[in-house]
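Input: a single structure, listed below in structure tokens.
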Amino acid sequence: MAYGETQRQYEERVSRTLDLLYVGARATFETQQLVVSNVLGLIDDLNDGEIRQNEAKLHEQLQHLVRKLPQVEDVFVLDKDGLPLVAANVFPLPANVSAADRPYFIAHRDAKETRYVSETFRSRIKGSEVFQYSERRQRPDGGFDGVVLVAIPPAYFAKLFEHASEPDEYTTSLIRADGELLARFPAYAGSTTRLEPGSAFMRAIAADRDSGSYNTRSGSFDGVARTVAYRKLPDLPVYVAVGVARDAVRQAWLHRMGSHLLFGLPATLALFALALLASRRAASQGETLERLREEQIKRTAAEESLRQSQKMTAVGQLTAGIAHDFNNLLTGIGGAIEMIGRRVQQPTPEVVRFLDLARTGVARAATLTQRMLAFSRQQPLQIESIDANRLVTGMSELLRRTLGETVAIETVLGGGLWRAKADPAQLEAAVLNLAINARDAMPGGGTLTIETANAHLDDAYAAANVEVTPGQFVMIAVSDTGTGMDQQTIARAFEPFFTTKERGQGTGLGLSMTFGYVKQIGGHLKIYSELGHGTTVKLYLPRAHMEVGAVPEPAPSVSIAAGNGPIVLVVEDDPVVRDFAVAACRECGCSVYEAGDGEQALRLLEQHTDIELLFTDVGLPGGMNGRQLAGAATARRPDLKVLYMTGYTANAIVHHGVIDAGVNFLGKPFSVTALAAKIKGMGF
């Protein structure tokens, strides 16, 4: 066999190996980018103080995000001074550890680098050898706000390289464009970590920055003469390189030539040995490909989970923004209708009918925005410790009236049931939604079964299901004997506005609302269904370890008397909402001042020391939100009482969907009666 043919075969094997490693390395860095994108989504609406305040909860979320990803050692969020705010696998974070002197941090801060792949170094927090993929945190005005980084263990790449290489012949490396060696197999025990500026690699990428090959003698490493093929990863200054020793080609050629010089039995034995060697190598390559394929499948599944989470988060943010603006519009429209009703002393039957139609339309629109906010996990929740058995029993009569006579209702209540963490009103709405869906799936009638039980979701279940944290839960299962769903329908069931019902019979928000609500409180929802055999939807609510709070009595009707209310400062940037809020306060007998932002409000408080109540929106322009305004106002006037209004939880008084303790809150849209009840409840 000609020497050139032997060399060509080796080059083909090097090319195939480079293809495998390129795909693996590219997928690994794409995973890091998805991780960073999801982390930025989690902290997008939080300032550094709020991130530190919620470190424990965010740590759990980050840990759950990356625990199935072997290519991720840890995730950190750093502030603009290089101090760590939260991490995935370290809690609590040690004090006085800074990354301000690290080259990656300086590159993001000073050179305004958007993405960066660091050199390998020893972590100051964990003490392990890592290199990092990081991205710049940027304020809306373009200013530097810190860094999100993913720590990558070089051992992960070494293992990936080992699976695809033959250590006696190949070397495989991950190299930055400046010659910094990030990972290598076989491992190099020397102290050199960077190729010289005049090395063959640096000259090759200067000539062809995307891909190519070159000959070199690795004097900085082991002195072996090699032929090396390389390829650049997309959008990153990182290369995958595979080298084969030139002596290996020569030895293989000599071996084959020697076999051709023998005759008879020795030749036959030599051919047999070569065939056996080729067979073993083929089997070895087959096993390597299978391992890489399995790794790729696992990585693809994890990435798909991240993409799905990212997609739902993006849609949720869009939906929440629309709902927020819509709530402001509804507040103005509903308020105007209510004021007209109060101003007309003796309305004609026709006027009454039209007013009722308008009120009904506003109520339906408000319900729709609540569903949109529930899906996007932006609905203000008042979490209590509840008895799920009592809640289900209390809903029995409502369900019978709603579902009709053709649906038989059965309940199977678990004994010794734990208390659950939930917002009772939202949980009732979720169960009712599931029951209505079940009724619609049984057009000829059937049986609806509601079951409660204690449940423990273990690590194995959490690993197989997205966004599930292992632990103890209270399960509420709603089952029907209806038409069932196929796997394609189940896969899309939680998407907003997806429905299998006829046009005009459903909005497609019922299941997505339930899904968003359950996820917002830290629970889980699972659908089990088969065509022709019915459907079961299981709600898993987090177990509550505290005692149930006192259930507030229904608010009594509040009489509105002129002139007997407090002196109020209304702060709202939307002029339509502000006009209604001012008019509503006056209807409650209050004297009113008004402001459009925090600075104007503080000036009015200085001028009018008789103001008793600050009634403010949470989302305000000008760099000072409602919570910050209230803090500044009460610091000057400790006796001042504060009432917030908002229809959106991505703000300063609601964290992880739960209204902060001790906060007086009025959701948009609101009525004069609701405002009067709230003012009276605050002691005025």
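Each chain in the structure tokens gets a letter, A, B and so on, in the order shown; residues start at 1 in every chain, and ligands are counted from 1 in the order they appear.
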
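Omitting segment 67-78 of chain A and its sequence neighbours fewer than 5 positions away, and counting only C-alpha atoms, the residues within 7 Å are Thr28, Leu83, Pro84, Leu85, Val86, Ala87, Ala88, Asn89, Gly146, Val147, Val148, Leu149, Val150, Ala151, Ile152, Pro153 and Tyr156 of chain A.
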
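Residue nearest Gln132 of chain A, chosen from A:Thr193, A:Gln33, A:Gln600, A:Thr348 and counting only C-alpha atoms: A:Gln33.
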
Point-to-point distance in Å for atom CA of Ile409 of chain A and atom CA of Asp387 of chain A: 19.9 Å

All strand (DSSP E) positions in segment 23-231 of chain A, as a count of residues only: 59

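Proximity of A:Tyr644, A:Trp418, A:Phe185, A:Tyr461 to Ala158 of chain A, computed with only C-alpha atoms, is greatest for A:Phe185.
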
Spatial neighbours of segment 429-446 of chain A, max dist 7 Å, only C-alpha atoms, sep filter under 4 positions, as a PyMOL selection string: chain A and resi 403+406-408+425+478+480-483+510+514

From A:Gln138, A:Asn96, A:Thr634, A:Gln426, residue lying nearest Leu40 of chain A [only C-alpha atoms]: A:Gln138

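Atom to atom, atom CA of Gly534 of chain A and atom CA of Ala460 of chain A stand 26.6 Å apart.
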
Expected answer as a ChimeraX atom specification: alpha helix (DSSP H) residues in segment 56-266 of chain A: /A:56-66,103-109,154-164,200-207,246-261,264-266

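Interatomic distance, atom CA of Glu410 of chain A to atom CA of Thr489 of chain A: 26.3 Å.
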
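Counting only C-alpha atoms, the residue from A:Asn564, A:Thr469, A:Ser118, A:Thr216 that sits nearest to Val238 of chain A is A:Ser118.
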
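Candidate residues A:Leu620, A:Ala455, A:Ala422, A:Val362 were compared for distance to Gly522 of chain A, and the nearest is A:Ala422, using only C-alpha atoms.
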
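Candidate residues A:Arg359, A:Ala462, A:Val582, A:Leu329 were compared for distance to Gly341 of chain A, and the nearest is A:Arg359, using only C-alpha atoms.
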